[in-house]
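Content type compact mmCIF, C-alpha atoms, from the file input_39.txt:
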# COMPACT_ATOMS: atom_id res chain seq x y z
CA MET A 1 96.66 112.38 94.66
CA THR A 2 99.06 109.45 94.76
CA TRP A 3 99.83 110.20 98.38
CA LEU A 4 96.11 110.03 99.27
CA ARG A 5 95.87 106.71 97.46
CA VAL A 6 98.86 105.11 99.21
CA ARG A 7 97.96 106.33 102.70
CA PRO A 8 95.71 103.33 103.50
CA ALA A 9 98.43 100.97 102.24
CA ILE A 10 100.99 102.70 104.48
CA ALA A 11 98.64 102.36 107.46
CA ARG A 12 98.24 98.64 106.70
CA GLN A 13 102.02 98.17 106.50
CA LEU A 14 102.60 100.06 109.73
CA ALA A 15 100.08 97.85 111.51
CA ALA A 16 101.16 94.48 110.14
CA PHE A 17 104.80 94.67 108.99
CA ASP A 18 107.39 93.11 111.22
CA VAL A 19 110.81 91.51 111.17
CA VAL A 20 111.84 88.90 113.73
CA VAL A 21 115.51 88.02 114.01
CA SER A 22 116.89 85.22 116.16
CA PRO A 23 120.56 84.18 116.32
CA ARG A 24 120.18 82.04 113.17
CA VAL A 25 116.89 83.04 111.52
CA ALA A 26 115.51 86.24 109.98
CA ARG A 27 111.84 86.46 109.01
CA ARG A 28 109.88 89.34 107.49
CA VAL A 29 106.09 89.51 107.20
CA MET A 30 104.08 92.20 105.47
CA PRO A 31 100.68 92.46 103.81
CA VAL A 32 100.43 91.77 100.05
CA LEU A 33 103.91 90.25 99.60
CA PRO A 34 104.95 86.69 100.52
CA VAL A 35 106.63 85.96 103.84
CA ALA A 36 110.43 86.01 103.48
CA GLU A 37 112.67 83.79 105.61
CA ILE A 38 116.38 83.10 105.62
CA LEU A 39 118.76 81.03 107.76
CA ARG A 40 122.13 82.33 108.90
CA PRO A 41 124.08 79.15 107.93
CA GLU A 42 122.77 79.56 104.36
CA VAL A 43 123.46 83.30 103.93
CA THR A 44 126.06 83.78 101.20
CA ARG A 45 125.90 87.52 100.62
CA ILE A 46 124.78 90.63 102.50
CA VAL A 47 124.27 93.73 100.40
CA GLU A 48 123.48 97.23 101.64
CA THR A 49 121.66 99.61 99.30
CA ALA A 50 120.33 103.09 100.06
CA ARG A 51 117.04 101.59 101.25
CA GLY A 52 118.28 98.78 103.47
CA LEU A 53 120.00 95.43 103.81
CA TRP A 54 119.54 92.40 101.58
CA LEU A 55 120.33 88.97 103.03
CA VAL A 56 120.85 86.50 100.22
CA SER A 57 121.27 82.73 100.14
CA THR A 58 122.00 80.83 96.94
CA GLN A 59 121.22 77.28 98.05
CA PRO A 60 118.25 77.46 98.29
CA ARG A 61 117.63 80.85 96.63
CA ARG A 62 116.12 83.07 99.29
CA THR A 63 116.30 86.79 100.04
CA VAL A 64 115.17 88.85 102.99
CA PHE A 65 115.11 92.62 102.70
CA LEU A 66 115.47 94.62 105.91
CA VAL A 67 114.25 98.12 105.13
CA SER A 68 116.14 101.02 106.70
CA ALA A 69 112.86 102.42 108.09
CA LEU A 70 112.77 99.68 110.75
CA GLU A 71 112.91 100.62 114.41
CA GLY A 72 116.37 99.74 115.69
CA TYR A 73 117.82 99.45 112.19
CA ALA A 74 121.30 100.43 113.37
CA GLU A 75 121.36 97.59 115.93
CA LEU A 76 119.94 95.20 113.36
CA ARG A 77 122.65 96.20 110.89
CA ALA A 78 125.30 95.63 113.54
CA THR A 79 123.86 92.15 114.19
CA MET A 80 123.85 91.35 110.49
CA ALA A 81 127.48 92.42 110.23
CA THR A 82 128.23 89.40 112.44
CA TRP A 83 126.44 87.14 109.90
CA GLY A 84 128.80 88.18 107.11
CA ALA A 85 130.61 91.05 105.42
CA ILE A 86 128.27 93.83 104.29
CA GLU A 87 128.82 94.82 100.68
CA PRO A 88 127.64 98.33 99.73
CA LEU A 89 125.87 98.78 96.40
CA ARG A 90 124.56 102.01 94.86
CA GLY A 91 123.06 103.39 91.67
CA LEU A 92 122.01 101.22 88.75
CA ALA A 93 123.82 98.17 90.17
CA ALA A 94 121.68 98.45 93.33
CA PHE A 95 118.50 98.81 91.29
CA THR A 96 119.18 95.78 89.09
CA PHE A 97 120.28 93.76 92.10
CA ALA A 98 117.05 94.59 93.97
CA PHE A 99 114.93 93.80 90.91
CA GLY A 100 116.62 90.42 90.53
CA GLN A 101 116.13 89.51 94.18
CA MET A 102 112.42 90.27 94.44
CA ARG A 103 111.19 86.85 93.35
CA HIS A 104 113.41 85.11 95.91
CA MET A 105 111.65 86.70 98.88
CA ARG A 106 109.80 83.56 99.94
CA PRO A 107 109.36 81.34 103.00
CA ARG A 108 112.02 78.78 103.90
CA ASP A 109 109.48 76.02 103.43
CA ARG A 110 111.47 72.98 102.22
CA LEU A 111 113.13 70.70 104.75
CA ASP A 112 116.52 70.63 103.01
CA GLY A 113 119.93 72.30 103.27
CA ALA A 114 120.76 73.39 106.81
CA LEU A 115 117.24 72.46 107.97
CA ALA A 116 117.78 68.81 106.99
CA THR A 117 120.87 68.42 109.14
CA ASP A 118 120.09 70.58 112.15
CA ALA A 119 116.94 69.86 114.17
CA THR A 120 117.62 72.80 116.49
CA LEU A 121 117.43 75.13 113.49
CA VAL A 122 114.00 73.71 112.64
CA ASP A 123 112.89 74.48 116.21
CA GLU A 124 114.38 77.97 116.02
CA LEU A 125 112.54 78.69 112.77
CA ALA A 126 109.29 77.48 114.36
CA THR A 127 109.88 79.76 117.35
CA VAL A 128 110.55 82.77 115.11
CA ARG A 129 107.38 82.02 113.12
CA ALA A 130 105.33 81.81 116.32
CA LEU A 131 106.70 85.18 117.48
CA SER A 132 105.95 86.96 114.19
CA ALA A 133 102.92 89.22 113.79
CA ASP A 134 101.19 86.59 111.63
CA GLN A 135 102.14 83.76 114.03
CA GLY A 136 103.51 81.77 111.13
CA ALA A 137 100.30 81.80 109.10
CA GLY A 138 101.18 84.53 106.58
CA TYR A 139 98.69 87.18 105.45
CA GLY A 140 96.76 85.13 102.92
CA GLN A 141 96.81 85.52 99.15
CA THR A 142 99.89 87.33 97.87
CA ALA A 143 101.22 88.35 94.47
CA SER A 144 104.83 87.99 93.43
CA PRO A 145 106.66 91.37 93.60
CA ARG A 146 107.88 90.88 90.04
CA VAL A 147 104.33 90.26 88.78
CA ARG A 148 103.18 93.40 90.60
CA LEU A 149 105.96 95.45 89.00
CA TRP A 150 105.16 94.15 85.51
CA ARG A 151 101.50 94.97 86.12
CA VAL A 152 102.45 98.58 86.95
CA LEU A 153 104.67 98.83 83.86
CA VAL A 154 101.92 97.50 81.58
CA LEU A 155 99.49 99.95 83.15
CA TRP A 156 101.90 102.77 82.37
CA VAL A 157 102.36 101.73 78.76
CA LEU A 158 98.57 101.60 78.35
CA LEU A 159 98.26 105.02 79.97
CA ILE A 160 100.83 106.55 77.61
CA VAL A 161 99.21 104.95 74.56
CA MET A 162 95.85 106.29 75.70
CA PHE A 163 97.22 109.84 76.08
CA LEU A 164 98.86 109.62 72.66
CA ALA A 165 95.60 108.46 71.12
CA ILE A 166 93.76 111.38 72.77
CA TRP A 167 96.45 113.76 71.53
CA GLN A 168 96.21 112.45 67.98
CA PHE A 169 92.42 112.74 68.16
CA LEU A 170 92.57 116.36 69.38
CA THR A 171 95.29 117.52 66.97
CA PRO A 172 93.66 119.42 64.08
CA GLY A 173 94.15 117.77 60.68
CA ARG A 174 96.31 119.37 58.01
CA MET B 1 115.65 87.31 119.58
CA GLY B 2 114.59 90.74 118.33
CA ARG B 3 111.35 91.98 116.87
CA HIS B 4 111.41 95.10 114.69
CA THR B 5 108.45 97.09 113.40
CA LEU B 6 108.41 100.06 111.04
CA ASN B 7 109.20 103.52 112.31
CA PRO B 8 106.15 105.50 111.02
CA GLU B 9 108.00 108.72 110.24
CA ARG B 10 110.93 107.07 108.54
CA TYR B 11 108.66 104.75 106.57
CA ARG B 12 106.45 107.63 105.36
CA ALA B 13 109.56 109.57 104.33
CA LEU B 14 110.86 106.52 102.45
CA VAL B 15 107.57 106.00 100.59
CA ARG B 16 107.39 109.72 99.77
CA SER B 17 110.91 109.65 98.37
CA VAL B 18 110.18 106.53 96.28
CA LEU B 19 106.98 108.04 94.86
CA LEU B 20 108.68 111.33 94.07
CA ARG B 21 111.58 109.69 92.25
CA ARG B 22 109.25 107.39 90.35
CA GLY B 23 106.96 110.31 89.43
CA VAL B 24 109.82 112.43 88.13
CA LEU B 25 111.25 109.48 86.19
CA PHE B 26 107.95 108.65 84.52
CA ALA B 27 107.21 112.31 83.74
CA VAL B 28 110.63 112.71 82.09
CA LEU B 29 110.20 109.49 80.13
CA PHE B 30 106.73 110.56 79.11
CA LEU B 31 107.95 113.93 77.86
CA LEU B 32 110.79 112.29 75.97
CA PHE B 33 108.32 109.86 74.46
CA LEU B 34 106.01 112.68 73.39
CA GLY B 35 108.96 114.68 72.07
CA VAL B 36 110.08 111.77 69.90
CA PHE B 37 106.61 111.40 68.40
CA ASP B 38 105.94 115.13 68.07
CA ARG B 39 105.63 115.49 64.31
CA SER B 40 105.22 119.28 64.31
CA GLY B 41 108.62 119.79 65.98
CA ALA B 42 107.17 121.65 68.95
CA LEU B 43 105.48 120.05 71.94
CA SER B 44 101.74 120.22 71.77
CA PRO B 45 99.99 122.67 74.17
CA ILE B 46 98.33 119.69 75.82
CA THR B 47 101.67 118.00 76.59
CA TRP B 48 102.38 119.97 79.74
CA PRO B 49 98.93 119.53 81.37
CA VAL B 50 99.06 115.84 80.46
CA ALA B 51 102.56 115.54 81.95
CA GLY B 52 101.22 117.21 85.11
CA VAL B 53 98.38 114.68 85.31
CA VAL B 54 100.85 111.85 84.80
CA LEU B 55 103.09 113.23 87.51
CA VAL B 56 100.35 113.40 90.14
CA SER B 57 98.75 110.08 89.19
CA THR B 58 101.94 108.04 89.29
CA PRO B 59 101.06 104.45 90.18

Let me see the structure of the file written as structure tokens.
Amino acid sequence: MTWLRVRPAIARQLAAFDVVVSPRVARRVMPVLPVAEILRPEVTRIVETARGLWLVSTQPRRTVFLVSALEGYAELRATMATWGAIEPLRGLAAFTFAFGQMRHMRPRDRLDGALATDATLVDELATVRALSADQGAGYGQTASPRVRLWRVLVLWVLLIVMFLAIWQFLTPGR
Amino acid sequence: MGRHTLNPERYRALVRSVLLRRGVLFAVLFLLFLGVFDRSGALSPITWPVAGVVLVSTP
């Protein structure tokens, strides 16, 4: 049932998801979630979990996730290894790390940090945006990944409470 | 400059694995939850069908 429900979403992702990587910029676009952009001079940490690579910058806080289901992931990983040391993370540590990074997957929209001092980087970012599937425009209204996750959790709590209420209602009295 | 799109087969496998793990996790949590609140000491006969429904309707 779930699989039937997610099939259209998968088709949408397959049609619109893409990652463009230049020598100093990585940009990911996908439906529903915000565009994520990161600049190589600002990358402070690269983490590899079972599902892919996380490029993290702390100033400003940005994260780009490169999912392992990408075409040419091995080459992409090799390229990213030149951006910095790849740190493997598994288990609960990987889960909490991923959860904490979700809200930082956003565009590199402010003209500060490396962008303020390097005009060629601004041009490179503009080129990468123009080459992306959305041509730099994004895919419209998006919800924060964290908000989406909380919505699912609340839905689950409500579902469990509803089943408990039905159970209590159907249990014969003593 | 490289452009990367999703590999359909690998992406479907990834989504399937995520849904399966999430489904199993929620079903286990749900059963534990019901077990904790089961006043009679034995799981109700409706627990297992309900757990099945929960498993297949995982968000």

Sort by chain and increasing residue number a table of all residues of chain B within 6 Å of chain A, each with its closest pair of atoms and their distance in Å to one decimal, counting all atoms listed in the file, and write it as a Markdown table.
| residue | atom | partner | partner_atom | distance |
| --- | --- | --- | --- | --- |
| B:Met1 | CA | A:Ser22 | CA | 4.2 |
| B:Gly2 | CA | A:Val21 | CA | 5.2 |
| B:Arg3 | CA | A:Val20 | CA | 4.4 |
| B:His4 | CA | A:Val19 | CA | 5.1 |
| B:Thr5 | CA | A:Asp18 | CA | 4.7 |
| B:Leu6 | CA | A:Leu70 | CA | 4.4 |
| B:Asn7 | CA | A:Glu71 | CA | 5.2 |
| B:Arg10 | CA | A:Ala69 | CA | 5.1 |
| B:Tyr11 | CA | A:Ala69 | CA | 5.0 |
| B:Val56 | CA | A:Met1 | CA | 5.9 |
| B:Ser57 | CA | A:Thr2 | CA | 5.6 |

#### Entry: For Ile38 of chain A: contacts at 12 Å, all atoms listed in the file, fewer than 2 positions along chain excluded, given as a ChimeraX atom specification
/A:19-28,35-36,40-46,54-66,83,104-110,113-115,121-122,124-125,128-129

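In this model, the gap between atom CA of Ala50 of chain A and atom CA of Leu4 of chain A comes to 25.2 Å.
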
### Summary
One decimal place gives the atom CA of Asp134 of chain A-atom CA of Val29 of chain A separation as 7.2 Å

### Query
Quick one: distance from atom CA of Val15 of chain B to atom CA of Pro34 of chain A in Å, one decimal?
19.5 Å

## Note on the structure
From the list A:Ala130, A:Thr117, A:Val161, A:Gln168, the nearest residue to Phe33 of chain B using only C-alpha atoms is A:Val161

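Using only C-alpha atoms, the residues found no farther than 8 Å from Leu89 of chain A, other than those of its own chain fewer than 6 positions away, are A:Val47, A:Glu48, A:Thr49, A:Ala50.
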
Given the selection you just returned, output its residues as a file containing C-alpha atoms, formatted as a short mmCIF file (atom, residue, chain, number, x, y, z; two decimals), keeping the file's coordinate frame.
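Final output, saved to again29.cif:
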data_model
loop_
_atom_site.label_atom_id
_atom_site.label_comp_id
_atom_site.auth_asym_id
_atom_site.auth_seq_id
_atom_site.Cartn_x
_atom_site.Cartn_y
_atom_site.Cartn_z
CA VAL A 47 124.27 93.73 100.40
CA GLU A 48 123.48 97.23 101.64
CA THR A 49 121.66 99.61 99.30
CA ALA A 50 120.33 103.09 100.06
#

Report the centre and edge lengths, in Å to one decimal, of an axis-aligned box enclosing every atom of segment 68-83 of chain A listed in the file, padded by 4 Å on each side, as AutoDock Vina command-line options.
--center_x 120.5 --center_y 94.8 --center_z 111.3 --size_x 23.5 --size_y 23.3 --size_z 17.2

Working from the structure I just supplied, which lacks atoms in segment 16-35 of chain B, can you model N, CA, C and O atoms there and output them as a tab-separated table (two decimals), in the frame of the given file?
chain	number	residue	atom	x	y	z
B	16	ARG	N	107.48	108.42	100.47
B	16	ARG	CA	107.39	109.72	99.77
B	16	ARG	C	108.55	109.87	98.79
B	16	ARG	O	108.36	110.28	97.65
B	17	SER	N	109.73	109.51	99.24
B	17	SER	CA	110.91	109.65	98.37
B	17	SER	C	110.81	108.72	97.16
B	17	SER	O	111.13	109.09	96.04
B	18	VAL	N	110.33	107.49	97.39
B	18	VAL	CA	110.18	106.53	96.28
B	18	VAL	C	109.17	107.05	95.27
B	18	VAL	O	109.40	107.04	94.05
B	19	LEU	N	108.03	107.54	95.76
B	19	LEU	CA	106.98	108.04	94.86
B	19	LEU	C	107.46	109.25	94.07
B	19	LEU	O	107.18	109.38	92.88
B	20	LEU	N	108.19	110.13	94.74
B	20	LEU	CA	108.68	111.33	94.07
B	20	LEU	C	109.65	110.97	92.95
B	20	LEU	O	109.53	111.44	91.82
B	21	ARG	N	110.60	110.09	93.27
B	21	ARG	CA	111.58	109.69	92.25
B	21	ARG	C	110.90	109.02	91.07
B	21	ARG	O	111.20	109.27	89.92
B	22	ARG	N	109.95	108.11	91.41
B	22	ARG	CA	109.25	107.39	90.35
B	22	ARG	C	108.43	108.36	89.49
B	22	ARG	O	108.39	108.26	88.27
B	23	GLY	N	107.77	109.32	90.15
B	23	GLY	CA	106.96	110.31	89.43
B	23	GLY	C	107.80	111.13	88.48
B	23	GLY	O	107.43	111.32	87.32
B	24	VAL	N	108.94	111.61	88.97
B	24	VAL	CA	109.82	112.43	88.13
B	24	VAL	C	110.34	111.60	86.96
B	24	VAL	O	110.33	112.05	85.81
B	25	LEU	N	110.73	110.36	87.25
B	25	LEU	CA	111.25	109.48	86.19
B	25	LEU	C	110.21	109.26	85.10
B	25	LEU	O	110.49	109.41	83.91
B	26	PHE	N	108.98	108.93	85.51
B	26	PHE	CA	107.95	108.65	84.52
B	26	PHE	C	107.57	109.91	83.75
B	26	PHE	O	107.32	109.86	82.55
B	27	ALA	N	107.55	111.06	84.43
B	27	ALA	CA	107.21	112.31	83.74
B	27	ALA	C	108.28	112.64	82.68
B	27	ALA	O	107.95	113.02	81.56
B	28	VAL	N	109.55	112.45	83.06
B	28	VAL	CA	110.63	112.71	82.09
B	28	VAL	C	110.53	111.76	80.91
B	28	VAL	O	110.61	112.17	79.74
B	29	LEU	N	110.32	110.47	81.21
B	29	LEU	CA	110.20	109.49	80.13
B	29	LEU	C	109.02	109.81	79.23
B	29	LEU	O	109.09	109.70	78.00
B	30	PHE	N	107.93	110.24	79.86
B	30	PHE	CA	106.73	110.56	79.11
B	30	PHE	C	106.97	111.74	78.17
B	30	PHE	O	106.59	111.73	77.00
B	31	LEU	N	107.65	112.77	78.69
B	31	LEU	CA	107.95	113.93	77.86
B	31	LEU	C	108.89	113.57	76.71
B	31	LEU	O	108.71	114.03	75.58
B	32	LEU	N	109.88	112.74	77.03
B	32	LEU	CA	110.79	112.29	75.97
B	32	LEU	C	110.02	111.53	74.89
B	32	LEU	O	110.21	111.71	73.70
B	33	PHE	N	109.14	110.67	75.35
B	33	PHE	CA	108.32	109.86	74.46
B	33	PHE	C	107.47	110.76	73.55
B	33	PHE	O	107.43	110.60	72.34
B	34	LEU	N	106.84	111.76	74.18
B	34	LEU	CA	106.01	112.68	73.39
B	34	LEU	C	106.87	113.50	72.43
B	34	LEU	O	106.50	113.73	71.29
B	35	GLY	N	108.06	113.89	72.91
B	35	GLY	CA	108.96	114.68	72.07
B	35	GLY	C	109.38	113.91	70.83
B	35	GLY	O	109.42	114.45	69.73
